[in-house]
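Chemist: Sharing model14.pdb below, PDB, C-alpha atoms, pLDDT in the B column:
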ATOM      1  CA  MET A1089      -8.471  19.338  14.446  1.00 95.00           C
ATOM      2  CA  LEU A1090      -8.105  21.361  11.229  1.00 97.00           C
ATOM      3  CA  VAL A1091      -4.635  22.734  10.484  1.00 98.00           C
ATOM      4  CA  LYS A1092      -4.070  25.388   7.818  1.00 98.00           C
ATOM      5  CA  TYR A1093      -0.789  26.886   6.603  1.00 98.00           C
ATOM      6  CA  HIS A1094      -0.720  30.046   4.470  1.00 97.00           C
ATOM      7  CA  ARG A1095       2.086  31.873   2.691  1.00 95.00           C
ATOM      8  CA  LYS A1096       2.970  33.014  -0.843  1.00 95.00           C
ATOM      9  CA  ALA A1097       2.554  31.463  -4.282  1.00 94.00           C
ATOM     10  CA  SER A1098       5.037  31.838  -7.134  1.00 94.00           C
ATOM     11  CA  GLN A1099       5.964  30.335 -10.511  1.00 92.00           C
ATOM     12  CA  ALA A1100       7.777  27.271  -9.209  1.00 90.00           C
ATOM     13  CA  SER A1101       9.971  26.564 -12.249  1.00 88.00           C
ATOM     14  CA  ALA A1102      11.001  30.143 -13.060  1.00 90.00           C
ATOM     15  CA  PHE A1103      10.941  32.049  -9.756  1.00 91.00           C
ATOM     16  CA  PRO A1104      10.657  29.595  -6.841  1.00 90.00           C
ATOM     17  CA  TRP A1105      12.512  31.986  -4.529  1.00 92.00           C
ATOM     18  CA  MET A1106       9.700  34.511  -4.939  1.00 93.00           C
ATOM     19  CA  GLY A1107       7.280  32.251  -3.081  1.00 93.00           C
ATOM     20  CA  VAL A1108       7.055  30.606   0.335  1.00 96.00           C
ATOM     21  CA  ASN A1109       5.866  27.012   0.101  1.00 96.00           C
ATOM     22  CA  ALA A1110       2.920  26.192   2.377  1.00 97.00           C
ATOM     23  CA  LEU A1111       3.204  22.518   1.416  1.00 97.00           C
ATOM     24  CA  ASP A1112       6.642  22.480   3.040  1.00 96.00           C
ATOM     25  CA  ALA A1113       4.942  23.442   6.294  1.00 97.00           C
ATOM     26  CA  ALA A1114       2.405  20.624   5.961  1.00 97.00           C
ATOM     27  CA  MET A1115       5.117  18.083   5.185  1.00 97.00           C
ATOM     28  CA  GLN A1116       7.213  19.325   8.091  1.00 96.00           C
ATOM     29  CA  ALA A1117       4.209  19.151  10.416  1.00 97.00           C
ATOM     30  CA  TYR A1118       3.397  15.602   9.335  1.00 96.00           C
ATOM     31  CA  SER A1119       7.017  14.568   9.820  1.00 94.00           C
ATOM     32  CA  ASN A1120       7.239  16.343  13.175  1.00 93.00           C
ATOM     33  CA  LEU A1121       4.244  14.464  14.527  1.00 95.00           C
ATOM     34  CA  THR A1122       5.719  11.088  13.600  1.00 92.00           C
ATOM     35  CA  VAL A1123       8.568  12.052  15.932  1.00 92.00           C
ATOM     36  CA  LEU A1124       6.043  12.815  18.680  1.00 93.00           C
ATOM     37  CA  ARG A1125       4.239   9.482  18.403  1.00 91.00           C
ATOM     38  CA  PRO A1126       6.898   7.306  20.149  1.00 91.00           C
ATOM     39  CA  GLN A1127       6.881   9.761  23.075  1.00 91.00           C
ATOM     40  CA  LEU A1128       3.208   9.064  23.832  1.00 92.00           C
ATOM     41  CA  GLU A1129       1.821   6.361  26.057  1.00 89.00           C
ATOM     42  CA  PRO A1130      -0.116   3.657  24.174  1.00 86.00           C
ATOM     43  CA  ARG A1131      -3.364   5.009  25.639  1.00 86.00           C
ATOM     44  CA  SER A1132      -2.981   8.298  23.720  1.00 92.00           C
ATOM     45  CA  THR A1133      -2.774   8.522  19.953  1.00 92.00           C
ATOM     46  CA  PHE A1134      -3.680  10.573  16.883  1.00 94.00           C
ATOM     47  CA  GLN A1135      -4.353  10.050  13.180  1.00 93.00           C
ATOM     48  CA  GLY A1136      -4.020  12.580  10.395  1.00 95.00           C
ATOM     49  CA  ILE A1137      -4.041  13.257   6.679  1.00 96.00           C
ATOM     50  CA  ILE A1138      -2.919  16.037   4.327  1.00 96.00           C
ATOM     51  CA  LYS A1139      -6.165  17.277   2.760  1.00 96.00           C
ATOM     52  CA  HIS A1140      -4.740  19.976   0.493  1.00 96.00           C
ATOM     53  CA  GLY A1141      -1.225  20.409  -0.823  1.00 95.00           C
ATOM     54  CA  GLY A1142      -1.426  22.701  -3.843  1.00 93.00           C
ATOM     55  CA  VAL A1143      -3.180  23.249  -7.157  1.00 93.00           C
ATOM     56  CA  LYS A1144      -0.574  22.726  -9.903  1.00 93.00           C
ATOM     57  CA  ALA A1145       2.880  21.206  -9.879  1.00 93.00           C
ATOM     58  CA  ASN A1146       4.443  24.363 -11.340  1.00 93.00           C
ATOM     59  CA  ILE A1147       2.877  26.699  -8.749  1.00 94.00           C
ATOM     60  CA  THR A1148       4.424  27.081  -5.317  1.00 95.00           C
ATOM     61  CA  PRO A1149       1.541  26.252  -2.949  1.00 96.00           C
ATOM     62  CA  ASP A1150       0.364  29.229  -0.917  1.00 96.00           C
ATOM     63  CA  TYR A1151      -2.028  27.075   1.108  1.00 97.00           C
ATOM     64  CA  SER A1152      -1.982  23.620   2.688  1.00 97.00           C
ATOM     65  CA  GLU A1153      -4.344  21.853   5.020  1.00 98.00           C
ATOM     66  CA  LEU A1154      -4.167  18.868   7.360  1.00 97.00           C
ATOM     67  CA  GLN A1155      -6.804  17.148   9.468  1.00 97.00           C
ATOM     68  CA  TYR A1156      -6.084  15.283  12.688  1.00 96.00           C
ATOM     69  CA  CYS A1157      -8.073  13.293  15.214  1.00 93.00           C
ATOM     70  CA  LEU A1158      -6.774  13.178  18.804  1.00 94.00           C
ATOM     71  CA  LEU A1159      -7.686  10.270  21.061  1.00 91.00           C
ATOM     72  CA  ALA A1160      -7.071   9.576  24.755  1.00 90.00           C
ATOM     73  CA  PRO A1161      -8.959   7.759  27.548  1.00 87.00           C
ATOM     74  CA  THR A1162      -9.897  10.953  29.433  1.00 88.00           C
ATOM     75  CA  PHE A1163     -10.603  14.536  28.466  1.00 89.00           C
ATOM     76  CA  LYS A1164      -7.714  15.714  30.649  1.00 91.00           C
ATOM     77  CA  GLU A1165      -5.330  13.554  28.627  1.00 93.00           C
ATOM     78  CA  VAL A1166      -6.816  14.882  25.384  1.00 93.00           C
ATOM     79  CA  VAL A1167      -6.037  18.438  26.538  1.00 94.00           C
ATOM     80  CA  GLU A1168      -2.455  17.409  27.312  1.00 95.00           C
ATOM     81  CA  LEU A1169      -2.107  15.683  23.931  1.00 96.00           C
ATOM     82  CA  LYS A1170      -3.539  18.717  22.149  1.00 96.00           C
ATOM     83  CA  ALA A1171      -0.901  20.986  23.709  1.00 96.00           C
ATOM     84  CA  LYS A1172       1.895  18.692  22.517  1.00 96.00           C
ATOM     85  CA  VAL A1173       0.512  18.371  18.990  1.00 97.00           C
ATOM     86  CA  GLU A1174       0.000  22.127  18.641  1.00 97.00           C
ATOM     87  CA  ALA A1175       3.610  22.772  19.708  1.00 97.00           C
ATOM     88  CA  PHE A1176       4.874  20.542  16.876  1.00 96.00           C
ATOM     89  CA  LEU A1177       2.561  22.279  14.400  1.00 97.00           C
ATOM     90  CA  ARG A1178       3.855  25.700  15.438  1.00 97.00           C
ATOM     91  CA  ALA A1179       7.426  24.458  15.035  1.00 97.00           C
ATOM     92  CA  ALA A1180       6.651  23.519  11.420  1.00 97.00           C
ATOM     93  CA  ALA A1181       5.222  26.995  10.771  1.00 97.00           C
ATOM     94  CA  MET A1182       8.314  28.641  12.202  1.00 97.00           C
ATOM     95  CA  ALA A1183      10.723  26.415  10.250  1.00 96.00           C
ATOM     96  CA  SER A1184       8.951  27.058   6.931  1.00 96.00           C
ATOM     97  CA  SER A1185       8.147  30.764   7.498  1.00 96.00           C
ATOM     98  CA  CYS A1186       4.426  30.096   7.106  1.00 97.00           C
ATOM     99  CA  GLU A1187       1.358  31.349   8.942  1.00 97.00           C
ATOM    100  CA  LEU A1188      -0.591  28.814  10.976  1.00 98.00           C
ATOM    101  CA  ALA A1189      -4.298  28.568  11.810  1.00 98.00           C
ATOM    102  CA  ILE A1190      -5.667  25.774  14.033  1.00 97.00           C
ATOM    103  CA  SER A1191      -9.366  25.150  14.586  1.00 96.00           C
ATOM    104  CA  TYR A1192     -11.567  22.433  16.064  1.00 94.00           C
ATOM    105  CA  PRO A1193     -14.697  22.346  13.884  1.00 90.00           C
ATOM    106  CA  GLY A1194     -15.826  18.888  14.987  1.00 81.00           C
ATOM    107  CA  ASN A1195     -17.337  17.699  18.243  1.00 83.00           C
ATOM    108  CA  THR A1196     -15.278  16.920  21.332  1.00 85.00           C
ATOM    109  CA  TYR A1197     -16.227  13.562  22.810  1.00 88.00           C
ATOM    110  CA  LEU A1198     -15.689  13.154  26.542  1.00 89.00           C
ATOM    111  CA  ASN A1199     -14.776   9.865  28.194  1.00 88.00           C
ATOM    112  CA  ILE A1200     -17.610   7.748  29.560  1.00 89.00           C
ATOM    113  CA  VAL A1201     -18.297   7.947  33.301  1.00 88.00           C
ATOM    114  CA  PRO A1202     -20.192   4.690  34.049  1.00 88.00           C
ATOM    115  CA  ASN A1203     -22.582   4.726  36.985  1.00 90.00           C
ATOM    116  CA  ALA A1204     -21.877   1.840  39.372  1.00 89.00           C
ATOM    117  CA  THR A1205     -25.463   1.609  40.634  1.00 90.00           C
ATOM    118  CA  LEU A1206     -26.960   1.379  37.135  1.00 90.00           C
ATOM    119  CA  ALA A1207     -24.268  -1.102  36.095  1.00 89.00           C
ATOM    120  CA  LYS A1208     -25.141  -3.353  39.038  1.00 90.00           C
ATOM    121  CA  LEU A1209     -28.862  -3.180  38.200  1.00 91.00           C
ATOM    122  CA  TYR A1210     -28.115  -4.003  34.566  1.00 88.00           C
ATOM    123  CA  GLU A1211     -25.950  -6.986  35.458  1.00 89.00           C
ATOM    124  CA  ASP A1212     -28.367  -8.352  38.062  1.00 90.00           C
ATOM    125  CA  ASN A1213     -31.342  -8.184  35.692  1.00 87.00           C
ATOM    126  CA  GLY A1214     -29.328  -9.504  32.760  1.00 85.00           C
ATOM    127  CA  THR A1215     -28.140 -12.457  34.841  1.00 87.00           C
ATOM    128  CA  ALA A1216     -31.760 -13.195  35.733  1.00 86.00           C
ATOM    129  CA  LEU A1217     -32.463 -13.476  31.995  1.00 82.00           C
ATOM    130  CA  GLY A1218     -29.616 -15.936  31.547  1.00 81.00           C
ATOM    131  CA  ILE A1219     -27.093 -13.529  30.053  1.00 82.00           C
ATOM    132  CA  GLN A1220     -23.494 -14.299  30.955  1.00 81.00           C
ATOM    133  CA  PHE A1221     -21.226 -11.370  31.827  1.00 84.00           C
ATOM    134  CA  THR A1222     -17.461 -11.343  31.291  1.00 80.00           C
ATOM    135  CA  LYS A1223     -15.639 -10.473  34.503  1.00 75.00           C
ATOM    136  CA  ASN A1224     -12.488  -9.227  32.786  1.00 69.00           C
ATOM    137  CA  PRO A1225     -13.527  -8.020  29.324  1.00 66.00           C
ATOM    138  CA  THR A1226     -10.895  -7.210  26.726  1.00 67.00           C
ATOM    139  CA  LYS A1227     -10.155  -3.483  26.666  1.00 67.00           C
ATOM    140  CA  PHE A1228     -10.680  -1.620  23.433  1.00 64.00           C
ATOM    141  CA  ALA A1229     -11.010   1.985  22.296  1.00 64.00           C
ATOM    142  CA  ALA A1230     -13.994   3.569  20.568  1.00 70.00           C
ATOM    143  CA  SER A1231     -15.548   6.996  20.116  1.00 74.00           C
ATOM    144  CA  THR A1232     -19.076   7.869  21.208  1.00 83.00           C
ATOM    145  CA  ASP A1233     -20.976  10.975  22.247  1.00 87.00           C
ATOM    146  CA  PHE A1234     -22.465   9.063  25.170  1.00 90.00           C
ATOM    147  CA  GLY A1235     -19.505  10.163  27.267  1.00 89.00           C
ATOM    148  CA  ASN A1236     -20.832  13.729  27.091  1.00 91.00           C
ATOM    149  CA  VAL A1237     -24.230  12.488  28.283  1.00 92.00           C
ATOM    150  CA  SER A1238     -22.673  10.589  31.192  1.00 90.00           C
ATOM    151  CA  TYR A1239     -21.246  13.842  32.572  1.00 89.00           C
ATOM    152  CA  GLU A1240     -24.759  15.306  32.751  1.00 90.00           C
ATOM    153  CA  ILE A1241     -26.848  12.391  34.047  1.00 90.00           C
ATOM    154  CA  PRO A1242     -26.111   8.893  35.455  1.00 91.00           C
ATOM    155  CA  GLY A1243     -25.677   6.348  32.681  1.00 90.00           C
ATOM    156  CA  ILE A1244     -24.007   3.178  31.438  1.00 90.00           C
ATOM    157  CA  HIS A1245     -22.912   2.075  27.970  1.00 89.00           C
ATOM    158  CA  PRO A1246     -23.146  -1.740  27.873  1.00 86.00           C
ATOM    159  CA  ILE A1247     -21.742  -3.740  24.969  1.00 80.00           C
ATOM    160  CA  PHE A1248     -22.296  -7.367  24.036  1.00 76.00           C
ATOM    161  CA  SER A1249     -20.780  -9.933  21.727  1.00 76.00           C
ATOM    162  CA  ILE A1250     -22.505 -11.051  18.527  1.00 77.00           C
ATOM    163  CA  ALA A1251     -20.316 -14.169  18.394  1.00 76.00           C
ATOM    164  CA  THR A1252     -18.072 -13.156  15.509  1.00 81.00           C
ATOM    165  CA  ASP A1253     -14.329 -12.656  15.179  1.00 83.00           C
ATOM    166  CA  VAL A1254     -14.511  -9.830  12.621  1.00 85.00           C
ATOM    167  CA  PHE A1255     -13.905  -6.212  13.624  1.00 82.00           C
ATOM    168  CA  ASN A1256     -16.713  -3.689  13.842  1.00 80.00           C
ATOM    169  CA  HIS A1257     -17.135  -0.817  11.353  1.00 83.00           C
ATOM    170  CA  THR A1258     -16.586  -3.260   8.496  1.00 89.00           C
ATOM    171  CA  GLU A1259     -18.915  -4.801   5.901  1.00 92.00           C
ATOM    172  CA  ALA A1260     -18.169  -8.240   7.323  1.00 92.00           C
ATOM    173  CA  PHE A1261     -19.343  -7.115  10.784  1.00 88.00           C
ATOM    174  CA  ALA A1262     -22.565  -5.665   9.340  1.00 89.00           C
ATOM    175  CA  GLU A1263     -23.257  -8.993   7.615  1.00 88.00           C
ATOM    176  CA  ALA A1264     -22.538 -10.912  10.821  1.00 85.00           C
ATOM    177  CA  ALA A1265     -24.847  -8.654  12.841  1.00 82.00           C
ATOM    178  CA  ALA A1266     -27.712  -9.223  10.377  1.00 82.00           C
ATOM    179  CA  SER A1267     -27.190 -12.963   9.982  1.00 80.00           C
ATOM    180  CA  PRO A1268     -29.444 -15.443  11.811  1.00 76.00           C
ATOM    181  CA  PRO A1269     -29.600 -16.600  14.464  1.00 71.00           C
ATOM    182  CA  PRO A1270     -29.514 -13.414  16.559  1.00 63.00           C
ATOM    183  CA  PRO A1271     -26.997 -13.129  19.432  1.00 62.00           C
ATOM    184  CA  PRO A1272     -28.261 -15.027  22.509  1.00 62.00           C
ATOM    185  CA  CYS A1273     -28.679 -11.883  24.610  1.00 63.00           C
ATOM    186  CA  CYS A1274     -30.775 -10.199  21.876  1.00 65.00           C
ATOM    187  CA  ALA A1275     -32.902 -13.321  21.487  1.00 58.00           C
ATOM    188  CA  ARG A1276     -33.598 -13.423  25.214  1.00 60.00           C
ATOM    189  CA  LEU A1277     -34.589  -9.757  25.357  1.00 58.00           C
ATOM    190  CA  ARG A1278     -36.732 -10.102  22.240  1.00 55.00           C
ATOM    191  CA  ARG A1279     -38.683 -12.955  23.825  1.00 52.00           C
ATOM    192  CA  ARG A1280     -39.169 -10.853  26.962  1.00 52.00           C
ATOM    193  CA  PRO A1281     -40.569  -7.436  25.958  1.00 49.00           C
ATOM    194  CA  ASP A1282     -41.027  -6.659  29.656  1.00 52.00           C
ATOM    195  CA  ALA A1283     -37.420  -7.575  30.462  1.00 48.00           C
ATOM    196  CA  HIS A1284     -36.030  -4.129  31.147  1.00 49.00           C
ATOM    197  CA  PRO A1285     -36.559  -3.786  34.913  1.00 50.00           C
ATOM    198  CA  GLU A1286     -33.305  -1.910  35.368  1.00 49.00           C
ATOM    199  CA  GLY A1287     -34.800   0.958  33.354  1.00 51.00           C
ATOM    200  CA  ARG A1288     -37.855   1.146  35.595  1.00 52.00           C
ATOM    201  CA  GLN A1289     -35.745   0.769  38.712  1.00 56.00           C
ATOM    202  CA  GLY A1290     -33.352   3.479  37.550  1.00 54.00           C
ATOM    203  CA  SER A1291     -36.067   6.022  36.772  1.00 52.00           C
ATOM    204  CA  GLY A1292     -39.354   5.149  38.440  1.00 50.00           C
ATOM    205  CA  ASP A1293     -38.154   3.698  41.722  1.00 54.00           C
ATOM    206  CA  ASP A1294     -37.522   6.664  44.034  1.00 53.00           C
ATOM    207  CA  SER A1295     -35.277   4.747  46.414  1.00 53.00           C
ATOM    208  CA  CYS A1296     -33.083   3.562  43.559  1.00 58.00           C
ATOM    209  CA  GLY A1297     -33.085   6.993  41.920  1.00 54.00           C
ATOM    210  CA  CYS A1298     -31.761   8.553  45.074  1.00 55.00           C
ATOM    211  CA  SER A1299     -28.965   5.996  45.256  1.00 64.00           C
ATOM    212  CA  LEU A1300     -27.758   6.958  41.767  1.00 67.00           C
ATOM    213  CA  GLN A1301     -26.737  10.458  42.793  1.00 65.00           C
ATOM    214  CA  PRO A1302     -23.868   9.655  45.219  1.00 64.00           C
ATOM    215  CA  THR A1303     -22.219   7.291  42.705  1.00 61.00           C
ATOM    216  CA  PHE A1304     -22.796   9.821  39.900  1.00 62.00           C
ATOM    217  CA  ALA A1305     -21.243  12.667  41.882  1.00 64.00           C
ATOM    218  CA  GLU A1306     -18.277  10.537  42.941  1.00 63.00           C
ATOM    219  CA  ALA A1307     -17.534   9.234  39.425  1.00 59.00           C
ATOM    220  CA  SER A1308     -17.854  12.682  37.817  1.00 60.00           C
ATOM    221  CA  GLU A1309     -15.248  14.309  40.032  1.00 60.00           C
TER
END
Please express what this file holds, its structure, as structure tokens.

Modeler:
Amino acid sequence: MLVKYHRKASQASAFPWMGVNALDAAMQAYSNLTVLRPQLEPRSTFQGIIKHGGVKANITPDYSELQYCLLAPTFKEVVELKAKVEAFLRAAAMASSCELAISYPGNTYLNIVPNATLAKLYEDNGTALGIQFTKNPTKFAASTDFGNVSYEIPGIHPIFSIATDVFNHTEAFAEAAASPPPPPCCARLRRRPDAHPEGRQGSGDDSCGCSLQPTFAEASE
């Protein structure tokens, strides 16, 4: 989400009343949204920054810009969150007498719709290779465009542990991922280049392919 406030510049030290400060709108918007945060369930959140707040200290800013990222478990909840956030942004524009423009230049990532049939095939074949599956994995949030794919065709998005306690998207995680020995599940698959029967079953086996559709239709509703 890209948020832009426009108004009128002036000489801030001599004639501040001749301008309308667009930075005031950005500051008000940022403050407003901190008030919104405690009203949201833990499953919905947002992050934001002020990207532009003026050119010179002695010039009343006629333009300000913020950028926000909205996150929720489902697309429906993202739409609801977006409506709330936009209401707070409009309130800031009204309070500061500024003009507001909101756009969404980035991609919208949908939630993942896992296919139960493919998941079962994956687990059965992984178990046959000696891979251990966690029955109650720890929940975590991440962004991926695979959710968009899962609304179009049946799919799954498996994850596995590389036996490290560091968080992903860090240099330490990259080092851990590249350090020998490889994670047990990767080592097993590497030793068995033919060990992807769930892929063949999911695409080449007609009886299995037909069974994907009911679970896909049900999960996509």

Chemist: Between atom CA of A:Val1167 and atom CA of A:Leu1111, what is the distance, to one decimal in Å?

Modeler: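 Going from atom CA of A:Val1167 over to atom CA of A:Leu1111, I get 27.1 Å.
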
Chemist: Just say which residues the PyMOL selection byres ((chain A and resi 1161) around 10) picks in this file, as a PyMOL selection string.

Modeler: chain A and resi 1131-1133+1159-1160+1162-1166+1198-1200+1229-1231

Chemist: I need the residues from that last selection saved to file as a PDB file, in the coordinates of the input (with C-alpha atoms), if you can.

Modeler:
ATOM      1  CA  ARG A1131      -3.364   5.009  25.639  1.00 86.00           C
ATOM      2  CA  SER A1132      -2.981   8.298  23.720  1.00 92.00           C
ATOM      3  CA  THR A1133      -2.774   8.522  19.953  1.00 92.00           C
ATOM      4  CA  LEU A1159      -7.686  10.270  21.061  1.00 91.00           C
ATOM      5  CA  ALA A1160      -7.071   9.576  24.755  1.00 90.00           C
ATOM      6  CA  THR A1162      -9.897  10.953  29.433  1.00 88.00           C
ATOM      7  CA  PHE A1163     -10.603  14.536  28.466  1.00 89.00           C
ATOM      8  CA  LYS A1164      -7.714  15.714  30.649  1.00 91.00           C
ATOM      9  CA  GLU A1165      -5.330  13.554  28.627  1.00 93.00           C
ATOM     10  CA  VAL A1166      -6.816  14.882  25.384  1.00 93.00           C
ATOM     11  CA  LEU A1198     -15.689  13.154  26.542  1.00 89.00           C
ATOM     12  CA  ASN A1199     -14.776   9.865  28.194  1.00 88.00           C
ATOM     13  CA  ILE A1200     -17.610   7.748  29.560  1.00 89.00           C
ATOM     14  CA  ALA A1229     -11.010   1.985  22.296  1.00 64.00           C
ATOM     15  CA  ALA A1230     -13.994   3.569  20.568  1.00 70.00           C
ATOM     16  CA  SER A1231     -15.548   6.996  20.116  1.00 74.00           C
TER      17      SER A1231
END

Chemist: Between A:Asn1256, A:Ser1185, A:Asn1120, A:Asn1146, which has the minimum distance to A:Lys1096 (counting all atoms listed in the file)?

Modeler: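 Using all atoms listed in the file, the shortest distance to A:Lys1096 belongs to A:Ser1185.
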
Chemist: So how far away is atom CA of A:Cys1157 from atom CA of A:Phe1134, in Å?

Modeler: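 Going from atom CA of A:Phe1134 over to atom CA of A:Cys1157 covers 5.4 Å.
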
Chemist: Which residue is closest to A:Val1237? Choose from A:Thr1148, A:Thr1222, A:Thr1252, A:Asn1203 and count all atoms listed in the file.

Modeler: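 Closest to A:Val1237 of all the choices is A:Asn1203.
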